[in-house]
Amino acid sequence: MATFAVSGATLGVARPASAGGGLLRSGSERRGGVDLPSLLLRKKDSSRAVLSRAASPGKVLVPDGESDDLAATPAQPEELQIPEDIEEQTAEVNMTGGTAEKLQYSEPTQGIVETITDGVTKGVKELVVGEKPRVVPKPGDGQKIYEIDPTLKDFRSHLDYRYSEYKRIRAAIDQHEGGLEAFSRGYEKLGFTRSAEGITYREWAPGAHSAALVGDFNNWNPNADTMTRDDYGVWEIFLPNNADGSPAIPHGSRVKIRMDTPSGVKDSISAWIKFSVQAPGEIPFNGIYYDPPEEEKYVFQHPQPKRPESLRIYESHIGMSSPRDLAQEPKINSYANFRDEVLPRIKRLGYNAVQIMAIQEHSYYASFGYHVTNFFAPSSRFGTPEDLKSLIDRAHELGLLVLMDIVHSHSSNNTLDGLNGFDGTDTHYFHGGPRGHHWMWDSRLFNYGSWEVLRFLLSNARWWLEEYKFDGFRFDGVTSMMYTHHGLQMTFTGNYGEYFGFATDVDAVVYLMLVNDLIHGLYPDAVSIGEDVSGMPTFCIPVPDGGVGFDYRLHMAVADKWIELLKQSDESWKMGDIVHTLTNRRWLEKCVTYAESHDQALVGDKTIAFWLMDKDMYDFMALDRPSTPRIDRGIALHKMIRLVTMGLGGEGYLNFMGNEFGHPEWIDFPRGPQTLPTGKVLPGNNNSYDKCRRRFDLGDADFLRYRGMQEFDQAMQHLEEKYGFMTSEHQYVSRKHEEDKVIIFERGDLVFVFNFHWSNSFFDYRVGCSKPGKYKVALDSDDALFGGFSRLDHDVDYFTTEHPHDNRPRSFLVYTPSRTAVVYALTE
């Protein structure tokens, strides 16, 4: 058998105990080295008690406004070993027809009918009534990647093994869970589910010795509602309706699960909680039973837009989108305000998608939303789940896609309100030992080889698409997922051995294939974008062809290149280096490009505008004051950098809110002093919200120079909307002249001319082109509207001649002023 580069625990492969891994206790030992499906074909526990009593009044809380040693991983993958007890129980299902006496659950392979002893969930009822179930297509042969990139044949053993693992897990899900469509509806079984008869609560916590449901509804009495445990570590309780038919747990009341664990007694928020809030004066969050009456539930009114050919994304953070209000203290903005004030702005600017950060609940606000504590709960800081739905519906009304910045790469370290140590063990959702901890991010790392982790994360992705009508995702930290070194202290040179070796976490890559399968199978118009700095080949090739399945990769090297150049003098900029960075992407793998990341807007870093203009931005941006050479240079290059990035860098474009007009201040989240492990104390900002907002008024003010940069960004988006140049198949760079500092390229029917020279303007500069006819100025960065000097006459017609130039069959002559970008469009 061939030797494959594999790392991580693999489903269905027996492995020796990990030296650093924690132990699963209380009946949760793995059988045959496999993390068994906890909800698979469980024999009914006849001793389970059902408690009936009147509900206590509850307070409604809604907000105001394993081992690090790679040698432990076998290089010789074993044959698929589905444990015998599962095979026997599967046969039992076929013989008995899933009667309640022998089985607690029966899940037919087509996933159409699902029987649960405590009632059928509403969503499944709707499926049975007549809704045709959505089906994820079967796997392909995974061989097309070798036609697209023959170089991959040298790593066929690894890639074929990767695909075989994906197919094996797909087959196991089909056999034991009724397919990926049914498997991804874990939220209909776990957490709190409601039926006509009452509320069922289930939680996978195999390490716990005992469990009870506590909350406002039973006065937090741990003896009132004890739970029973099945053979796979799932705790369960059924609470029948009150005598008057009302639910046993009032909507909006606090709930937690109290467990006796190997680490002691603890109260935890359900891993599947749909809403959680932080009470005033308290630090941990509280889980909220969220099930509003029908008349209070938001009903979507508008259809989801079709996916556009060109993706122009406005990256946003709800909380810091509050505008300046001199009459009020700075505050956390709300879903409602973002809906009413910011969405129309995004539409007017010409973007066709909004990407929203920090949606999944996170107890530490200053984590930018990346230390998630409650994966199924929208952040309560900004409002209620119904408010978020209203926001998304309004975006759809405006024709905007809504993308979610989803975090499946790691989880918060919190043990009180997060997943860490949920059942008192180190290995519940995560790898044990050092491998389960991200040393730089101070967070926990998922074990993608665990069956229940797959259920949890796949169901999480589907939940946001299904319940909230998100139009897709930007997956955060994918590089960290795909490699055991997490991309840290690692320079990717492009050598394929860096991508397909022992450092590759195949379990994580297979999870990404599964989630892309799910997204594109059930929601064909949904968009998936992966944040990958490594440039892994096959990342954006469809899963049936052998790829990882993302629609787009974030072209992260571009922003790093601009920072590198902005530290140098203009004379040191190399045109060929700029072009190479922007065009260095894999064939048939689409990219979303951006000039600067949201991280650059954080305190301690610099945006492009601040790199260019520094403190002059505070004193010389008013039009009634003289400008400075630094301001003139900064405004000119700010526009050029953004246009050349959009024009040449990819098939999609992203901008972080406020950067379109060169927001002058950094983002500083409210924070107190922090003591580092070294003992050094970092001062806080007195928990101030003053810098945690966006000054949209600056971009709108017609007496400030910020307005010109915003107008240019808007014109850039509308130019792309009109011509669709980012997705044009025709792209040709005809000139990258180092002495002139000129870059010229064609994209579709447009010709882009950039003169980066700091002082030289060129008359009668010959521009090569492919198509004959008359060209007109379509966009001019030197226009006075954009804060320029109006050195070009836009009424001039430019006629081509049969004069070959720069390997182009035709050409025309232009005037190209210094530090300008001009786009010429073929009109006749």
# chains A, B, ... in the order shown; residues from 1 in each chain; ligands from 1
$ residues_around --residues "Lys776 of chain A" --least-positions-apart "4" --cutoff "6 Å" --atoms "only C-alpha atoms" --output "list in words"
Asp797, Tyr824 and Ala825 of chain A
$ select_by_dssp --residues "segment 318-419 of chain A" --states "alpha helix (DSSP H)" --output "list in words"
Tyr335, Ala336, Asn337, Leu343, Pro344, Arg345, Ile346, Lys347, Arg348, Leu349, Pro385, Glu386, Asp387, Leu388, Lys389, Ser390, Leu391, Ile392, Asp393, Arg394, Ala395, His396 and Glu397 of chain A
$ write_last_selection --atoms "C-alpha atoms" --output "compact mmCIF listing (two decimals), in the first residue's frame"
# COMPACT_ATOMS: atom_id res chain seq x y z
CA TYR A 335 -28.77 45.56 13.54
CA ALA A 336 -31.66 47.98 13.05
CA ASN A 337 -29.46 51.03 12.57
CA LEU A 343 -27.13 49.24 3.90
CA PRO A 344 -28.41 52.09 1.66
CA ARG A 345 -24.89 53.56 1.74
CA ILE A 346 -23.39 50.25 0.61
CA LYS A 347 -25.90 50.05 -2.22
CA ARG A 348 -25.22 53.64 -3.28
CA LEU A 349 -21.47 53.05 -3.33
CA PRO A 385 -32.26 37.31 16.04
CA GLU A 386 -35.39 38.87 14.53
CA ASP A 387 -33.50 42.14 14.09
CA LEU A 388 -30.75 40.32 12.19
CA LYS A 389 -33.32 38.66 9.94
CA SER A 390 -34.86 42.05 9.22
CA LEU A 391 -31.42 43.39 8.27
CA ILE A 392 -30.77 40.52 5.88
CA ASP A 393 -34.22 40.86 4.31
CA ARG A 394 -33.64 44.58 3.73
CA ALA A 395 -30.28 43.82 2.08
CA HIS A 396 -32.04 41.36 -0.23
CA GLU A 397 -34.60 44.02 -1.06
$ closest_residue --among "A:Asp782, A:Leu588, A:Trp272, A:Leu602" --to "Leu457 of chain A" --atoms "only C-alpha atoms"
A:Trp272
$ closest_residue --among "A:Thr261, A:Glu739, A:Phe539, A:Gly547" --to "Lys144 of chain A" --atoms "only C-alpha atoms"
A:Gly547
$ closest_residue --among "A:Ile359, A:Leu152, A:Val509, A:Met320" --to "Gly658 of chain A" --atoms "only C-alpha atoms"
A:Met320
$ residues_around --residues "Tyr163 of chain A" --least-positions-apart "5" --cutoff "10 Å" --atoms "only C-alpha atoms" --output "list in words"
Pro139, Gly140, Asp141, Gly142, Gln143, His158, Arg168, Ile169, Val506, Val509, Val510, Met513, Val543, Pro544, Asp545, Gly546, Gly547 and Val548 of chain A
$ write_last_selection --atoms "all heavy atoms" --output "short mmCIF file (atom, residue, chain, number, x, y, z; two decimals), in the first residue's frame"
data_model
loop_
_atom_site.label_atom_id
_atom_site.label_comp_id
_atom_site.auth_asym_id
_atom_site.auth_seq_id
_atom_site.Cartn_x
_atom_site.Cartn_y
_atom_site.Cartn_z
N PRO A 139 -20.54 12.11 -4.83
CA PRO A 139 -19.17 12.47 -5.19
C PRO A 139 -18.83 12.08 -6.62
O PRO A 139 -19.41 11.14 -7.18
CB PRO A 139 -18.32 11.67 -4.18
CG PRO A 139 -19.24 11.36 -3.05
CD PRO A 139 -20.60 11.21 -3.67
N GLY A 140 -17.91 12.83 -7.22
CA GLY A 140 -17.40 12.46 -8.54
C GLY A 140 -16.21 11.53 -8.40
O GLY A 140 -16.04 10.87 -7.37
N ASP A 141 -15.36 11.51 -9.44
CA ASP A 141 -14.19 10.63 -9.36
C ASP A 141 -12.95 11.36 -8.86
O ASP A 141 -11.92 10.74 -8.58
CB ASP A 141 -13.92 9.97 -10.72
CG ASP A 141 -13.62 10.98 -11.83
OD1 ASP A 141 -13.41 12.18 -11.53
OD2 ASP A 141 -13.60 10.57 -13.00
N GLY A 142 -13.03 12.68 -8.76
CA GLY A 142 -11.92 13.45 -8.20
C GLY A 142 -10.67 13.48 -9.04
O GLY A 142 -9.58 13.75 -8.51
N GLN A 143 -10.79 13.24 -10.35
CA GLN A 143 -9.60 13.11 -11.19
C GLN A 143 -9.34 14.32 -12.09
O GLN A 143 -8.28 14.44 -12.68
CB GLN A 143 -9.73 11.86 -12.06
CG GLN A 143 -9.80 10.57 -11.26
CD GLN A 143 -8.55 10.33 -10.43
OE1 GLN A 143 -7.45 10.20 -10.96
NE2 GLN A 143 -8.73 10.28 -9.12
N HIS A 158 -1.09 11.32 -2.33
CA HIS A 158 -1.71 12.14 -1.28
C HIS A 158 -3.11 12.60 -1.70
O HIS A 158 -4.07 12.47 -0.93
CB HIS A 158 -0.83 13.36 -1.00
CG HIS A 158 -1.43 14.32 -0.01
ND1 HIS A 158 -1.06 14.35 1.32
CD2 HIS A 158 -2.40 15.27 -0.14
CE1 HIS A 158 -1.77 15.28 1.95
NE2 HIS A 158 -2.58 15.85 1.08
N ARG A 168 -15.17 8.15 1.58
CA ARG A 168 -15.47 7.19 2.64
C ARG A 168 -16.40 7.80 3.69
O ARG A 168 -17.38 7.18 4.13
CB ARG A 168 -14.18 6.71 3.30
CG ARG A 168 -14.38 5.67 4.39
CD ARG A 168 -13.05 5.21 4.96
NE ARG A 168 -12.37 6.28 5.65
CZ ARG A 168 -12.64 6.67 6.90
NH1 ARG A 168 -13.59 6.07 7.58
NH2 ARG A 168 -11.95 7.64 7.47
N ILE A 169 -16.12 9.03 4.05
CA ILE A 169 -16.96 9.68 5.06
C ILE A 169 -18.33 10.01 4.48
O ILE A 169 -19.36 9.85 5.16
CB ILE A 169 -16.25 10.94 5.60
CG1 ILE A 169 -14.98 10.52 6.32
CG2 ILE A 169 -17.17 11.73 6.53
CD1 ILE A 169 -14.10 11.67 6.76
N VAL A 506 -5.34 16.34 6.88
CA VAL A 506 -6.30 15.81 5.91
C VAL A 506 -7.72 15.84 6.47
O VAL A 506 -8.68 16.09 5.74
CB VAL A 506 -5.90 14.39 5.47
CG1 VAL A 506 -6.98 13.76 4.60
CG2 VAL A 506 -4.58 14.44 4.70
N VAL A 509 -9.06 19.27 5.82
CA VAL A 509 -9.32 19.50 4.40
C VAL A 509 -10.58 18.75 3.98
O VAL A 509 -11.41 19.29 3.22
CB VAL A 509 -8.11 19.07 3.54
CG1 VAL A 509 -8.42 19.22 2.06
CG2 VAL A 509 -6.88 19.90 3.90
N VAL A 510 -10.75 17.54 4.47
CA VAL A 510 -11.95 16.77 4.14
C VAL A 510 -13.19 17.47 4.69
O VAL A 510 -14.23 17.53 4.03
CB VAL A 510 -11.84 15.33 4.66
CG1 VAL A 510 -13.18 14.61 4.60
CG2 VAL A 510 -10.80 14.55 3.84
N MET A 513 -14.09 20.13 2.33
CA MET A 513 -14.74 19.55 1.15
C MET A 513 -16.20 19.24 1.43
O MET A 513 -17.10 19.51 0.62
CB MET A 513 -13.99 18.29 0.70
CG MET A 513 -12.55 18.56 0.24
SD MET A 513 -11.54 17.06 0.09
CE MET A 513 -12.23 16.33 -1.40
N VAL A 543 -15.42 20.17 -5.65
CA VAL A 543 -15.13 18.92 -4.95
C VAL A 543 -15.24 17.70 -5.86
O VAL A 543 -14.37 16.82 -5.81
CB VAL A 543 -16.06 18.77 -3.73
CG1 VAL A 543 -15.86 17.41 -3.05
CG2 VAL A 543 -15.80 19.89 -2.72
N PRO A 544 -16.28 17.58 -6.71
CA PRO A 544 -16.35 16.38 -7.57
C PRO A 544 -15.14 16.21 -8.49
O PRO A 544 -14.85 15.10 -8.93
CB PRO A 544 -17.62 16.62 -8.40
CG PRO A 544 -18.45 17.54 -7.58
CD PRO A 544 -17.47 18.43 -6.90
N ASP A 545 -14.43 17.31 -8.75
CA ASP A 545 -13.24 17.25 -9.61
C ASP A 545 -11.97 16.96 -8.81
O ASP A 545 -10.89 16.87 -9.40
CB ASP A 545 -13.07 18.57 -10.37
CG ASP A 545 -14.23 18.85 -11.31
OD1 ASP A 545 -14.90 17.88 -11.73
OD2 ASP A 545 -14.47 20.03 -11.64
N GLY A 546 -12.10 16.86 -7.49
CA GLY A 546 -10.94 16.58 -6.65
C GLY A 546 -10.44 17.77 -5.87
O GLY A 546 -9.43 17.67 -5.17
N GLY A 547 -11.13 18.91 -5.97
CA GLY A 547 -10.70 20.11 -5.27
C GLY A 547 -11.31 20.24 -3.89
O GLY A 547 -12.09 19.40 -3.44
N VAL A 548 -10.94 21.33 -3.22
CA VAL A 548 -11.48 21.61 -1.88
C VAL A 548 -12.85 22.23 -1.99
O VAL A 548 -13.65 22.13 -1.07
CB VAL A 548 -10.51 22.51 -1.09
CG1 VAL A 548 -11.01 22.76 0.31
CG2 VAL A 548 -9.11 21.87 -1.04
#
$ residues_around --residues "segment 533-537 of chain A" --least-positions-apart "3" --cutoff "8 Å" --atoms "only C-alpha atoms" --output "number ranges by chain"
A: 479, 487, 492, 494, 496, 499, 540, 554-557, 586
$ write_last_selection --atoms "N, CA, C and O atoms" --output "tab-separated table (two decimals), in the first residue's frame"
chain	number	residue	atom	x	y	z
A	479	THR	N	-6.18	28.60	6.44
A	479	THR	CA	-4.79	28.13	6.44
A	479	THR	C	-4.46	27.45	7.75
A	479	THR	O	-3.82	26.39	7.78
A	487	GLY	N	0.29	27.48	9.49
A	487	GLY	CA	0.84	28.56	8.68
A	487	GLY	C	1.70	29.53	9.47
A	487	GLY	O	2.15	30.54	8.93
A	492	PHE	N	5.51	30.02	2.58
A	492	PHE	CA	5.12	29.17	1.45
A	492	PHE	C	5.80	29.67	0.19
A	492	PHE	O	5.59	30.81	-0.23
A	494	GLY	N	5.68	27.97	-2.78
A	494	GLY	CA	5.02	27.46	-3.97
A	494	GLY	C	5.39	26.03	-4.29
A	494	GLY	O	4.82	25.42	-5.21
A	496	TYR	N	5.08	22.31	-4.20
A	496	TYR	CA	3.89	21.52	-3.92
A	496	TYR	C	4.04	20.62	-2.70
A	496	TYR	O	3.06	20.23	-2.08
A	499	TYR	N	2.29	21.74	0.42
A	499	TYR	CA	0.85	21.61	0.52
A	499	TYR	C	0.40	20.17	0.75
A	499	TYR	O	-0.65	19.93	1.35
A	540	CYS	N	-9.80	26.11	-5.00
A	540	CYS	CA	-11.03	26.64	-5.62
A	540	CYS	C	-11.46	25.82	-6.84
A	540	CYS	O	-12.00	26.36	-7.81
A	554	LEU	N	-9.28	34.26	-0.86
A	554	LEU	CA	-8.87	35.63	-0.60
A	554	LEU	C	-7.41	35.78	-1.02
A	554	LEU	O	-6.54	35.04	-0.55
A	555	HIS	N	-7.17	36.75	-1.90
A	555	HIS	CA	-5.82	36.98	-2.43
A	555	HIS	C	-5.04	37.81	-1.40
A	555	HIS	O	-4.83	39.01	-1.57
A	556	MET	N	-4.58	37.14	-0.35
A	556	MET	CA	-4.04	37.83	0.81
A	556	MET	C	-2.66	38.43	0.58
A	556	MET	O	-2.25	39.36	1.28
A	557	ALA	N	-1.94	37.93	-0.43
A	557	ALA	CA	-0.59	38.43	-0.66
A	557	ALA	C	-0.59	39.88	-1.15
A	557	ALA	O	0.41	40.59	-1.00
A	586	ARG	N	-3.81	31.02	-9.33
A	586	ARG	CA	-3.86	29.76	-10.06
A	586	ARG	C	-4.93	29.77	-11.13
A	586	ARG	O	-6.02	30.31	-10.94
$ select_by_dssp --residues "segment 408-494 of chain A" --states "strand (DSSP E or B)" --output "PyMOL selection string"
chain A and resi 411+430+437-438+443-444+446+472-475+483
$ atom_distance --atom1 "atom CA of Met481 of chain A" --atom2 "atom CA of Asp505 of chain A"
7.2 Å
$ atom_distance --atom1 "atom CA of Glu361 of chain A" --atom2 "atom CA of Ser597 of chain A"
22.2 Å
$ atom_distance --atom1 "atom CA of Leu398 of chain A" --atom2 "atom CA of His520 of chain A"
23.7 Å
$ closest_atom_pairs --of "segment 250-299 of chain A" --to "segment 190-199 of chain A" --cutoff "9 Å" --atoms "only C-alpha atoms" --output "JSON lines"
{"residue": "A:Ser270", "atom": "CA", "partner": "A:Gly191", "partner_atom": "CA", "distance": 6.5}
{"residue": "A:Ala271", "atom": "CA", "partner": "A:Gly191", "partner_atom": "CA", "distance": 7.2}
{"residue": "A:Trp272", "atom": "CA", "partner": "A:Gly191", "partner_atom": "CA", "distance": 4.9}
{"residue": "A:Ile273", "atom": "CA", "partner": "A:Gly191", "partner_atom": "CA", "distance": 6.4}
{"residue": "A:Lys274", "atom": "CA", "partner": "A:Gly191", "partner_atom": "CA", "distance": 8.6}
{"residue": "A:Tyr289", "atom": "CA", "partner": "A:Phe192", "partner_atom": "CA", "distance": 7.7}
{"residue": "A:Tyr290", "atom": "CA", "partner": "A:Phe192", "partner_atom": "CA", "distance": 9.0}
{"residue": "A:Asp291", "atom": "CA", "partner": "A:Arg194", "partner_atom": "CA", "distance": 8.6}
